[in-house]
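Structure file entry30.tsv (TSV, C-alpha atoms and all ligand atoms) is printed below.
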chain	number	residue	atom	x	y	z
A	1	MET	CA	-3.60	5.46	20.25
A	2	VAL	CA	-2.22	8.19	17.96
A	3	ILE	CA	-4.41	11.17	17.15
A	4	PHE	CA	-3.73	14.11	14.86
A	5	GLU	CA	-5.99	17.13	15.37
A	6	ASN	CA	-5.94	19.76	12.62
A	7	VAL	CA	-2.17	19.63	12.31
A	8	TYR	CA	-0.32	22.10	10.07
A	9	LYS	CA	3.38	22.31	9.39
A	10	GLU	CA	5.00	25.28	7.71
A	11	PHE	CA	8.80	25.19	7.56
A	12	ALA	CA	10.94	28.28	8.17
A	13	ASP	CA	11.35	28.84	4.42
A	14	GLY	CA	7.58	29.05	3.97
A	15	THR	CA	7.06	25.53	2.60
A	16	VAL	CA	3.70	24.25	3.80
A	17	ALA	CA	4.38	20.53	4.13
A	18	VAL	CA	1.22	19.40	5.96
A	19	LYS	CA	-2.24	21.01	5.89
A	20	ASP	CA	-5.13	20.38	8.25
A	21	PHE	CA	-4.16	16.79	8.95
A	22	SER	CA	-6.65	15.01	11.22
A	23	LEU	CA	-6.56	11.28	11.85
A	24	LYS	CA	-7.33	8.74	14.56
A	25	ILE	CA	-5.05	5.72	14.51
A	26	LYS	CA	-6.44	2.78	16.45
A	27	LYS	CA	-4.55	0.63	18.89
A	28	GLY	CA	-2.91	-2.34	17.19
A	29	GLU	CA	-3.51	-0.96	13.71
A	30	LEU	CA	-0.98	-1.01	10.89
A	31	ILE	CA	-1.61	2.25	9.10
A	32	VAL	CA	0.27	3.26	5.96
A	33	PHE	CA	0.84	6.84	4.79
A	34	VAL	CA	1.32	6.71	1.04
A	35	GLY	CA	1.71	9.34	-1.64
A	36	PRO	CA	4.20	10.83	-4.09
A	37	SER	CA	7.57	12.14	-2.99
A	38	GLY	CA	7.30	15.45	-1.14
A	39	CYS	CA	3.62	15.05	-0.19
A	40	GLY	CA	4.36	15.35	3.55
A	41	LYS	CA	4.52	11.74	4.75
A	42	THR	CA	7.81	11.99	6.63
A	43	THR	CA	6.87	15.34	8.13
A	44	SER	CA	3.58	13.92	9.43
A	45	LEU	CA	5.31	10.87	10.85
A	46	ARG	CA	8.02	12.83	12.60
A	47	MET	CA	5.50	15.03	14.36
A	48	ILE	CA	4.47	11.91	16.31
A	49	ASN	CA	7.83	11.57	18.07
A	50	ARG	CA	8.57	15.31	18.03
A	51	LEU	CA	11.46	15.14	15.61
A	52	ILE	CA	9.36	17.87	13.97
A	53	GLU	CA	7.02	20.22	15.86
A	54	PRO	CA	3.69	21.20	14.29
A	55	THR	CA	3.10	24.87	13.49
A	56	SER	CA	-0.43	24.45	14.79
A	57	GLY	CA	-2.74	21.64	15.83
A	58	LYS	CA	-2.12	18.81	18.26
A	59	VAL	CA	-0.75	15.27	18.27
A	60	PHE	CA	-1.68	12.78	20.99
A	61	VAL	CA	0.02	9.48	21.75
A	62	GLU	CA	-1.70	7.16	24.20
A	63	GLY	CA	-3.93	9.98	25.32
A	64	LYS	CA	-1.13	12.45	26.02
A	65	ASP	CA	-0.52	15.64	24.10
A	66	VAL	CA	3.04	15.01	22.91
A	67	SER	CA	3.99	18.66	23.27
A	68	SER	CA	3.75	18.12	27.03
A	69	VAL	CA	6.02	15.05	27.06
A	70	ASN	CA	9.79	15.33	27.27
A	71	PRO	CA	11.00	14.60	23.70
A	72	VAL	CA	13.77	12.21	24.79
A	73	THR	CA	11.42	10.19	26.99
A	74	LEU	CA	8.86	10.22	24.19
A	75	ARG	CA	11.35	8.93	21.60
A	76	ARG	CA	12.55	6.12	23.82
A	77	SER	CA	8.97	4.94	24.18
A	78	ILE	CA	8.28	4.94	20.42
A	79	GLY	CA	10.10	2.63	17.99
A	80	TYR	CA	11.51	4.32	14.90
A	81	VAL	CA	12.86	2.63	11.79
A	82	ILE	CA	14.22	4.49	8.77
A	83	GLN	CA	15.49	3.53	5.34
A	84	ASP	CA	19.20	3.07	5.90
A	85	ILE	CA	18.78	2.12	9.51
A	86	GLY	CA	22.29	3.04	10.44
A	87	LEU	CA	23.34	0.20	12.68
A	88	PHE	CA	26.46	1.21	14.53
A	89	PRO	CA	29.23	-0.46	12.51
A	90	HIS	CA	31.59	-1.14	15.42
A	91	MET	CA	28.95	-2.62	17.71
A	92	THR	CA	27.85	-6.22	17.55
A	93	ILE	CA	24.33	-7.14	16.55
A	94	GLU	CA	23.50	-7.77	20.21
A	95	GLU	CA	24.82	-4.36	21.25
A	96	ASN	CA	22.94	-2.72	18.40
A	97	ILE	CA	19.62	-4.26	19.38
A	98	ALA	CA	20.16	-3.57	23.07
A	99	ILE	CA	21.09	0.07	22.74
A	100	VAL	CA	17.84	1.57	24.00
A	101	ALA	CA	17.48	-1.03	26.75
A	102	LYS	CA	20.94	0.02	27.92
A	103	MET	CA	19.96	3.67	27.96
A	104	LEU	CA	16.91	2.75	29.98
A	105	LYS	CA	19.21	0.81	32.36
A	106	TRP	CA	17.52	-2.55	32.00
A	107	PRO	CA	19.26	-5.33	34.00
A	108	LYS	CA	21.83	-7.23	31.90
A	109	GLU	CA	20.01	-10.58	32.05
A	110	LYS	CA	16.69	-9.07	31.02
A	111	THR	CA	18.35	-7.36	28.06
A	112	ALA	CA	20.23	-10.49	26.96
A	113	ALA	CA	17.06	-12.58	27.14
A	114	ARG	CA	15.14	-9.95	25.16
A	115	VAL	CA	17.79	-9.89	22.42
A	116	GLU	CA	17.61	-13.69	22.12
A	117	ASP	CA	13.81	-13.65	21.93
A	118	LEU	CA	13.87	-11.00	19.22
A	119	LEU	CA	16.46	-12.80	17.11
A	120	ILE	CA	14.36	-15.95	17.30
A	121	LEU	CA	11.22	-14.00	16.47
A	122	ALA	CA	12.89	-12.71	13.30
A	123	GLY	CA	14.17	-16.13	12.30
A	124	LEU	CA	17.84	-15.27	12.92
A	125	THR	CA	18.54	-18.57	14.63
A	126	PRO	CA	20.34	-19.83	16.51
A	127	PRO	CA	20.80	-16.39	18.13
A	128	ALA	CA	24.35	-17.27	19.17
A	129	LYS	CA	25.28	-17.42	15.50
A	130	TYR	CA	24.27	-13.81	14.86
A	131	LYS	CA	24.52	-11.80	18.04
A	132	ASN	CA	28.29	-11.40	18.08
A	133	ARG	CA	28.59	-10.47	14.43
A	134	LEU	CA	29.21	-6.96	13.20
A	135	PRO	CA	26.57	-5.39	10.92
A	136	GLU	CA	28.81	-5.72	7.85
A	137	GLN	CA	28.75	-9.49	8.36
A	138	LEU	CA	25.03	-9.57	7.58
A	139	SER	CA	23.20	-9.10	4.27
A	140	GLY	CA	21.32	-5.86	3.59
A	141	GLY	CA	18.01	-7.59	4.31
A	142	GLN	CA	19.29	-9.01	7.60
A	143	GLN	CA	20.65	-5.62	8.67
A	144	GLN	CA	17.30	-4.00	8.00
A	145	ARG	CA	15.67	-6.78	10.03
A	146	ILE	CA	17.99	-5.87	12.93
A	147	GLY	CA	16.82	-2.27	12.58
A	148	VAL	CA	13.24	-3.47	13.03
A	149	LEU	CA	14.26	-5.57	16.05
A	150	ARG	CA	16.00	-2.61	17.61
A	151	ALA	CA	12.79	-0.62	17.32
A	152	LEU	CA	10.91	-3.45	19.04
A	153	SER	CA	13.50	-4.01	21.74
A	154	VAL	CA	11.94	-2.13	24.64
A	155	GLU	CA	8.40	-3.16	23.71
A	156	PRO	CA	7.06	0.16	22.51
A	157	ASN	CA	3.34	0.35	21.88
A	158	VAL	CA	3.84	2.54	18.84
A	159	ILE	CA	6.34	1.99	16.04
A	160	LEU	CA	7.09	4.48	13.28
A	161	MET	CA	8.60	3.21	10.04
A	162	ASP	CA	9.76	5.57	7.29
A	163	GLU	CA	10.34	3.74	3.98
A	164	PRO	CA	12.20	1.05	5.91
A	165	PHE	CA	12.47	-1.38	2.99
A	166	SER	CA	12.93	1.00	0.07
A	167	SER	CA	16.62	0.39	-0.48
A	168	LEU	CA	16.38	-3.41	-0.43
A	169	ASP	CA	16.31	-5.66	-3.48
A	170	PRO	CA	12.78	-6.83	-4.40
A	171	ILE	CA	13.15	-10.29	-2.93
A	172	SER	CA	14.43	-9.15	0.49
A	173	ARG	CA	11.75	-6.47	0.45
A	174	GLU	CA	8.98	-9.00	-0.15
A	175	ASN	CA	10.34	-11.19	2.64
A	176	LEU	CA	10.55	-8.37	5.15
A	177	GLN	CA	7.07	-7.15	4.24
A	178	SER	CA	5.64	-10.59	4.95
A	179	GLU	CA	7.60	-10.85	8.20
A	180	LEU	CA	6.43	-7.45	9.34
A	181	LYS	CA	2.83	-8.37	8.64
A	182	ASP	CA	3.18	-11.65	10.60
A	183	LEU	CA	5.03	-9.96	13.44
A	184	GLN	CA	2.39	-7.28	13.72
A	185	LYS	CA	-0.38	-9.88	13.89
A	186	LYS	CA	1.46	-11.56	16.76
A	187	LEU	CA	2.53	-8.47	18.70
A	188	LYS	CA	-0.45	-6.20	17.93
A	189	LYS	CA	1.64	-3.04	18.00
A	190	THR	CA	0.37	0.19	16.53
A	191	VAL	CA	2.50	0.72	13.45
A	192	VAL	CA	2.62	3.88	11.33
A	193	PHE	CA	4.38	2.99	8.10
A	194	VAL	CA	5.41	5.47	5.39
A	195	THR	CA	5.97	4.50	1.77
A	196	HIS	CA	5.68	5.97	-1.73
A	197	ASP	CA	4.99	2.48	-3.07
A	198	MET	CA	1.31	1.74	-3.52
A	199	ASP	CA	1.92	-2.01	-3.87
A	200	GLU	CA	3.66	-2.02	-0.51
A	201	ALA	CA	0.77	-0.06	1.01
A	202	PHE	CA	-1.79	-2.51	-0.37
A	203	LYS	CA	0.19	-5.43	0.92
A	204	LEU	CA	0.77	-4.20	4.47
A	205	ALA	CA	-1.97	-1.83	5.51
A	206	ASP	CA	-5.00	-2.35	7.68
A	207	ARG	CA	-5.83	1.17	6.58
A	208	ILE	CA	-4.19	3.43	4.02
A	209	VAL	CA	-3.92	7.20	4.33
A	210	LEU	CA	-3.40	8.53	0.84
A	211	MET	CA	-1.72	11.93	0.75
A	212	ASN	CA	-1.07	14.54	-1.92
A	213	LYS	CA	0.49	18.00	-1.51
A	214	GLY	CA	0.32	17.92	2.28
A	215	GLU	CA	-3.30	16.85	2.47
A	216	ILE	CA	-5.17	13.64	3.05
A	217	VAL	CA	-6.89	12.59	-0.16
A	218	GLN	CA	-8.47	9.38	1.08
A	219	ILE	CA	-8.48	7.12	4.12
A	220	GLY	CA	-9.64	3.54	3.84
A	221	THR	CA	-8.81	-0.14	3.81
A	222	PRO	CA	-6.89	-1.37	0.78
A	223	ASN	CA	-10.14	-2.71	-0.60
A	224	ASP	CA	-12.02	0.57	-0.09
A	225	ILE	CA	-9.34	2.38	-2.03
A	226	ARG	CA	-9.11	-0.21	-4.79
A	227	LEU	CA	-12.86	-0.39	-5.29
A	228	ASN	CA	-13.83	3.23	-4.65
A	229	PRO	CA	-10.91	5.49	-5.45
A	230	ALA	CA	-11.94	8.92	-4.21
A	231	GLN	CA	-10.44	11.01	-6.95
A	232	GLU	CA	-8.75	10.77	-10.27
A	233	PHE	CA	-5.51	11.33	-8.36
A	234	VAL	CA	-5.89	8.06	-6.54
A	235	LYS	CA	-6.39	6.22	-9.80
A	236	THR	CA	-3.42	7.73	-11.54
A	237	PHE	CA	-0.98	8.02	-8.63
A	238	ILE	CA	0.05	4.41	-8.79
A	239	GLY	CA	1.76	4.52	-12.16
A	240	LEU	CA	2.64	8.17	-12.50
A	241	ASP	CA	6.10	8.26	-10.92
A	242	ARG	CA	7.15	5.34	-13.01
A	243	ILE	CA	5.79	6.82	-16.17
A	244	MET	CA	7.51	10.17	-15.74
A	245	ALA	CA	10.87	8.46	-15.49
A	246	PHE	CA	10.44	6.53	-18.74
A	247	ASN	CA	13.02	6.93	-21.49
A	248	ALA	CA	15.58	4.82	-23.31
A	249	SER	CA	18.37	5.48	-20.83
A	250	THR	CA	16.29	4.88	-17.69
A	251	PHE	CA	17.59	1.98	-15.65
A	252	VAL	CA	15.93	-1.35	-16.20
A	253	ASP	CA	14.69	-1.54	-12.60
A	254	LEU	CA	11.74	0.59	-13.74
A	255	ILE	CA	10.25	-2.58	-15.21
A	256	LEU	CA	11.68	-5.01	-12.67
A	257	GLU	CA	9.13	-7.68	-11.82
A	258	LYS	CA	8.91	-10.62	-9.51
A	259	PRO	CA	9.99	-13.76	-11.37
A	260	GLU	CA	7.28	-16.33	-12.08
A	261	LEU	CA	9.21	-18.97	-10.18
A	262	VAL	CA	12.51	-18.98	-8.27
A	263	LEU	CA	13.87	-22.29	-6.99
A	264	LYS	CA	17.05	-23.49	-5.32
A	265	SER	CA	19.75	-25.19	-7.37
A	266	GLY	CA	19.74	-28.32	-5.17
A	267	GLU	CA	16.15	-29.28	-6.00
A	268	GLU	CA	15.61	-32.43	-8.04
A	269	ALA	CA	14.12	-31.77	-11.49
A	270	SER	CA	11.93	-34.86	-11.08
A	271	GLN	CA	10.38	-33.44	-7.90
A	272	VAL	CA	9.89	-29.99	-9.34
A	273	ILE	CA	8.12	-31.33	-12.39
A	274	LYS	CA	5.54	-33.01	-10.13
A	275	ARG	CA	4.99	-29.92	-8.03
A	276	VAL	CA	4.71	-27.06	-10.48
A	277	SER	CA	2.50	-26.99	-13.51
A	278	ASN	CA	3.76	-25.60	-16.79
A	279	PRO	CA	6.21	-22.92	-15.70
A	280	LYS	CA	7.35	-20.85	-18.67
A	281	ILE	CA	10.73	-20.46	-17.06
A	282	ILE	CA	12.33	-21.17	-13.70
A	283	GLN	CA	15.04	-18.91	-12.30
A	284	VAL	CA	17.52	-20.91	-10.27
A	285	VAL	CA	19.50	-19.49	-7.35
A	286	ASP	CA	22.00	-20.96	-4.91
A	287	GLU	CA	21.70	-20.91	-1.12
A	288	LEU	CA	22.82	-17.27	-1.02
A	289	GLY	CA	20.28	-16.11	-3.59
A	290	CYS	CA	22.91	-15.78	-6.32
A	291	TRP	CA	21.70	-16.48	-9.85
A	292	VAL	CA	22.81	-19.84	-11.21
A	293	GLY	CA	20.84	-19.85	-14.44
A	294	CYS	CA	17.39	-20.53	-15.78
A	295	VAL	CA	15.54	-23.67	-16.69
A	296	LEU	CA	13.09	-23.97	-19.59
A	297	PRO	CA	10.36	-26.67	-19.69
A	298	LYS	CA	12.35	-28.89	-22.06
A	299	ASP	CA	15.44	-28.70	-19.80
A	300	LEU	CA	13.28	-29.59	-16.83
A	301	GLU	CA	11.86	-32.65	-18.56
A	302	GLN	CA	15.27	-33.83	-19.65
A	303	GLY	CA	16.67	-33.24	-16.16
A	304	ALA	CA	13.84	-35.24	-14.63
A	305	GLN	CA	14.53	-38.18	-16.92
A	306	LEU	CA	18.24	-38.10	-16.15
A	307	GLY	CA	17.81	-37.60	-12.40
A	308	LEU	CA	19.54	-34.21	-12.32
A	309	THR	CA	19.13	-31.20	-10.04
A	310	LEU	CA	18.01	-27.79	-11.24
A	311	GLY	CA	21.54	-26.50	-10.74
A	312	GLN	CA	22.79	-29.14	-13.16
A	313	VAL	CA	20.30	-28.35	-15.91
A	314	ALA	CA	20.19	-24.57	-15.47
A	315	SER	CA	21.63	-22.66	-18.36
A	316	ALA	CA	23.63	-19.56	-17.55
A	317	GLU	CA	24.22	-18.82	-21.20
A	318	ARG	CA	20.94	-17.10	-21.76
A	319	ARG	CA	20.88	-13.36	-21.96
A	320	LEU	CA	21.10	-11.60	-18.67
A	321	LEU	CA	20.86	-8.01	-17.57
A	322	ILE	CA	22.67	-6.30	-14.75
A	323	GLU	CA	20.99	-3.67	-12.62
A	324	SER	CA	22.82	-0.83	-14.35
A	325	SER	CA	21.41	-1.82	-17.76
A	326	THR	CA	19.05	0.61	-19.42
A	327	LEU	CA	15.60	0.12	-20.86
A	328	ALA	CA	17.19	0.26	-24.31
A	329	ASP	CA	19.47	-2.67	-23.35
A	330	ALA	CA	16.44	-4.51	-22.05
A	331	ALA	CA	14.50	-3.88	-25.26
A	332	ILE	CA	17.32	-5.37	-27.35
A	333	ALA	CA	17.63	-8.37	-25.04
A	334	LEU	CA	13.90	-8.97	-24.98
A	335	ARG	CA	13.62	-8.85	-28.76
A	336	GLU	CA	15.88	-11.89	-28.88
A	337	SER	CA	14.19	-13.80	-26.11
A	338	ASP	CA	10.76	-15.33	-25.82
A	339	VAL	CA	10.94	-15.60	-22.02
A	340	PRO	CA	11.53	-13.03	-19.26
A	341	ILE	CA	15.16	-12.08	-18.67
A	342	ALA	CA	16.86	-12.27	-15.29
A	343	ILE	CA	18.26	-9.09	-13.78
A	344	ILE	CA	21.11	-9.49	-11.32
A	345	ASN	CA	23.31	-7.15	-9.30
A	346	GLN	CA	27.09	-7.07	-9.08
A	347	GLU	CA	27.13	-9.86	-6.52
A	348	ARG	CA	25.06	-11.95	-8.96
A	349	LYS	CA	22.05	-11.75	-6.62
A	350	LEU	CA	18.82	-12.21	-8.57
A	351	LEU	CA	16.84	-8.98	-8.33
A	352	GLY	CA	13.93	-9.89	-10.59
A	353	VAL	CA	13.11	-10.19	-14.27
A	354	ALA	CA	12.27	-7.97	-17.22
A	355	SER	CA	9.51	-9.18	-19.53
A	356	ASP	CA	7.82	-8.24	-22.79
A	357	GLU	CA	4.64	-7.56	-20.82
A	358	GLY	CA	6.41	-5.22	-18.39
A	359	MET	CA	8.01	-3.35	-21.28
A	360	ALA	CA	4.68	-3.11	-23.09
A	361	ARG	CA	2.88	-1.89	-19.99
A	362	ILE	CA	5.27	0.97	-19.28
A	363	THR	CA	5.28	1.97	-22.95
A	364	ILE	CA	1.48	2.01	-23.09
A	365	ASP	CA	1.23	3.98	-19.83
A	366	TRP	CA	3.76	6.46	-21.11
A	367	LEU	CA	1.92	6.94	-24.39
A	368	ILE	CA	-1.40	7.46	-22.64
A	369	ASN	CA	0.21	9.92	-20.27
A	370	ALA	CA	1.85	11.79	-23.14
A	371	LYS	CA	-1.50	12.02	-24.87
A	372	ASN	CA	-3.26	13.30	-21.74
A	373	GLN	CA	-0.64	15.96	-21.28
A	374	LEU	CA	-1.04	17.11	-24.86
A	375	LEU	CA	-4.78	17.37	-24.40
A	376	GLU	CA	-4.55	19.27	-21.14
A	377	PRO	CA	-5.76	22.85	-21.77
A	378	THR	CA	-2.99	25.38	-21.22
A	379	PRO	CA	-3.93	28.50	-19.21
A	380	ASN	CA	-3.28	30.89	-22.12
A	381	ALA	CA	-4.92	28.87	-24.83
A	401	LIG	N1	13.35	21.16	6.96
A	401	LIG	C1	12.63	21.51	5.90
A	401	LIG	N2	12.62	22.78	5.47
A	401	LIG	C2	11.89	23.16	4.40
A	401	LIG	N3	11.11	22.32	3.69
A	401	LIG	C3	11.09	21.03	4.05
A	401	LIG	C4	11.84	20.56	5.16
A	401	LIG	N4	11.62	19.23	5.29
A	401	LIG	C5	10.76	18.90	4.30
A	401	LIG	N5	10.44	19.99	3.55
A	401	LIG	C6	9.51	20.05	2.41
A	401	LIG	O1	8.23	19.65	2.87
A	401	LIG	C7	7.56	18.88	1.91
A	401	LIG	C8	7.18	17.52	2.49
A	401	LIG	O2	8.36	16.79	2.77
A	401	LIG	P1	8.35	15.31	3.34
A	401	LIG	O3	7.41	15.25	4.49
A	401	LIG	O4	9.75	14.91	3.59
A	401	LIG	O5	7.73	14.52	2.11
A	401	LIG	P2	7.65	12.94	1.85
A	401	LIG	O6	8.15	12.21	3.03
A	401	LIG	O7	6.21	12.69	1.55
A	401	LIG	O8	8.48	12.70	0.61
A	401	LIG	C9	8.50	18.81	0.71
A	401	LIG	O9	8.15	19.82	-0.18
A	401	LIG	C10	9.85	19.07	1.32
A	401	LIG	O10	10.72	19.62	0.37
A	402	MG	MG	9.86	10.91	3.20
Can you give me the file's structure in the form of structure tokens?
Amino acid sequence: MVIFENVYKEFADGTVAVKDFSLKIKKGELIVFVGPSGCGKTTSLRMINRLIEPTSGKVFVEGKDVSSVNPVTLRRSIGYVIQDIGLFPHMTIEENIAIVAKMLKWPKEKTAARVEDLLILAGLTPPAKYKNRLPEQLSGGQQQRIGVLRALSVEPNVILMDEPFSSLDPISRENLQSELKDLQKKLKKTVVFVTHDMDEAFKLADRIVLMNKGEIVQIGTPNDIRLNPAQEFVKTFIGLDRIMAFNASTFVDLILEKPELVLKSGEEASQVIKRVSNPKIIQVVDELGCWVGCVLPKDLEQGAQLGLTLGQVASAERRLLIESSTLADAAIALRESDVPIAIINQERKLLGVASDEGMARITIDWLINAKNQLLEPTPNA
């Protein structure tokens, strides 16, 4: 479906971004390019739709050498989703999704029907509720979903996605990852997905292409890579970026984790107590995902006896961190708490939690890394 044959890219300033890149991507496969920042993921991806031309080597899409296809025609036949998708702010959601169909002069009815189908597919229902809104009237997660729909609109066989979820909060990101995986199972498109986040790669990929310094280090299924990491690089890549950033004034999102349990404020404590076993703490959010408070086991029991909802028993008095807090703030807060602490943004949206374990893990990783660096022989020693 997409083939790279000994592709090199050297930019005008002499930077060699991609070296001897060869890869066969199968039809219907979700392949993920992953590696540290600057390793050549975006450059490789953009050589597929000719936003970047290789210095040497060839790229084929559906059997055709892309250098022989008109770039505009090529790009209209390949979906492309980027981080801040850039919906057009003055166009409605319908107009935004339909933009390529319009350029391709699809009949109006066909386009309108396609937009409806896509909105339904992405769970934005009823479509009438969303299609006349402007982008700013949707949440960040919903806007990014529209970006994905726009890429799907004219039924491309190949879709390129460059860190499409990186700027979303962890909960929206998780949701969109799951949706993408489901969607891809249904539609069987060939998807080339770029990320620097190994967890995201493990979650989404049929196959992972691990890159470092412009070269492919390993290709394999998530299990292959987990069980048989090809090099030391593969083993250490996962935590390294995080570790390098570690210090007291680093933002707390470095240790942001998924909360153990997030439930809606309207749920009855008596029902929850039957359903979940021994939660250490429950984070409670309202319909919009805004943080209402947290519920400890004793509050839950009391609420169940009194017939209250989670919203009624949730305590908002516990310590709380905002996203601009530092690791030092988090350390102080955690010292005074025996449960994970909620982290919210300015709109009070729950982003995740910080825990003792998360803090310990990053500290341990940092110490090990510091030790390894000290032991590394210097050239002049
Ligand atoms: N237009 C350009 N001119 C010169 N160097 C570039 C250009 N675009 C990217 N690079 C360099 O090429 C390397 C790979 O970049 P990129 O493919 O964007 O990496 P990634 O997407 O993996 O973070 C980096 O060193 C980057 O600085
Ligand atoms: Mg990139």
Neighbouring residues of ligand MG 402 (chain A) are defined here as those with any atom at most 9 Å from a ligand atom, counting all atoms listed in the file; list them as a PyMOL selection string. chain A and resi 37-43+45+162-163+194-196
Generate a file of the selected residues that holds C-alpha atoms, formatted as a PDB file, keeping the file's coordinate frame.
ATOM      1  CA  SER A  37       7.570  12.140  -2.990  1.00  0.00           C
ATOM      2  CA  GLY A  38       7.300  15.450  -1.140  1.00  0.00           C
ATOM      3  CA  CYS A  39       3.620  15.050  -0.190  1.00  0.00           C
ATOM      4  CA  GLY A  40       4.360  15.350   3.550  1.00  0.00           C
ATOM      5  CA  LYS A  41       4.520  11.740   4.750  1.00  0.00           C
ATOM      6  CA  THR A  42       7.810  11.990   6.630  1.00  0.00           C
ATOM      7  CA  THR A  43       6.870  15.340   8.130  1.00  0.00           C
ATOM      8  CA  LEU A  45       5.310  10.870  10.850  1.00  0.00           C
ATOM      9  CA  ASP A 162       9.760   5.570   7.290  1.00  0.00           C
ATOM     10  CA  GLU A 163      10.340   3.740   3.980  1.00  0.00           C
ATOM     11  CA  VAL A 194       5.410   5.470   5.390  1.00  0.00           C
ATOM     12  CA  THR A 195       5.970   4.500   1.770  1.00  0.00           C
ATOM     13  CA  HIS A 196       5.680   5.970  -1.730  1.00  0.00           C
TER      14      HIS A 196
END
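The space between atom CA of A:Leu320 and atom CA of A:Ser172 spans 20.4 Å.
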Determine the nearest neighbour of A:Phe21 from the options A:Ala269, A:Ala331, A:Ile368, A:Met211, counting all atoms listed in the file.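 Among the listed residues, A:Met211 lies closest to A:Phe21.
For the set A:Ile97, A:Ile82, A:Ile25, A:Leu288, the residue with the smallest atom-to-atom gap to ligand LIG 401 (chain A) is A:Ile82, counting only C-alpha atoms and all ligand atoms.
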I'd like the neighbourhood of A:Asn49 as a PyMOL selection string, where a residue qualifies if any of its atoms comes within 10 Å (using all atoms listed in the file), though same-chain residues fewer than 3 positions away should be ignored. chain A and resi 44-46+52-53+59+61+66-67+69+71-80+158-160
With C-alpha atoms kept, could you save the residues just selected as a PDB file, keeping the file's coordinate frame?
ATOM      1  CA  SER A  44       3.580  13.920   9.430  1.00  0.00           C
ATOM      2  CA  LEU A  45       5.310  10.870  10.850  1.00  0.00           C
ATOM      3  CA  ARG A  46       8.020  12.830  12.600  1.00  0.00           C
ATOM      4  CA  ILE A  52       9.360  17.870  13.970  1.00  0.00           C
ATOM      5  CA  GLU A  53       7.020  20.220  15.860  1.00  0.00           C
ATOM      6  CA  VAL A  59      -0.750  15.270  18.270  1.00  0.00           C
ATOM      7  CA  VAL A  61       0.020   9.480  21.750  1.00  0.00           C
ATOM      8  CA  VAL A  66       3.040  15.010  22.910  1.00  0.00           C
ATOM      9  CA  SER A  67       3.990  18.660  23.270  1.00  0.00           C
ATOM     10  CA  VAL A  69       6.020  15.050  27.060  1.00  0.00           C
ATOM     11  CA  PRO A  71      11.000  14.600  23.700  1.00  0.00           C
ATOM     12  CA  VAL A  72      13.770  12.210  24.790  1.00  0.00           C
ATOM     13  CA  THR A  73      11.420  10.190  26.990  1.00  0.00           C
ATOM     14  CA  LEU A  74       8.860  10.220  24.190  1.00  0.00           C
ATOM     15  CA  ARG A  75      11.350   8.930  21.600  1.00  0.00           C
ATOM     16  CA  ARG A  76      12.550   6.120  23.820  1.00  0.00           C
ATOM     17  CA  SER A  77       8.970   4.940  24.180  1.00  0.00           C
ATOM     18  CA  ILE A  78       8.280   4.940  20.420  1.00  0.00           C
ATOM     19  CA  GLY A  79      10.100   2.630  17.990  1.00  0.00           C
ATOM     20  CA  TYR A  80      11.510   4.320  14.900  1.00  0.00           C
ATOM     21  CA  VAL A 158       3.840   2.540  18.840  1.00  0.00           C
ATOM     22  CA  ILE A 159       6.340   1.990  16.040  1.00  0.00           C
ATOM     23  CA  LEU A 160       7.090   4.480  13.280  1.00  0.00           C
TER      24      LEU A 160
END
By how many Å are atom CA of A:Leu308 and atom CA of A:Pro259 apart? 22.6 Å
Residue among A:Gln144, A:Glu232, A:Asp65, A:Ile208 lying closest to A:Gln177, counting all atoms listed in the file: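 Result for the nearest residue to A:Gln177: A:Gln144.
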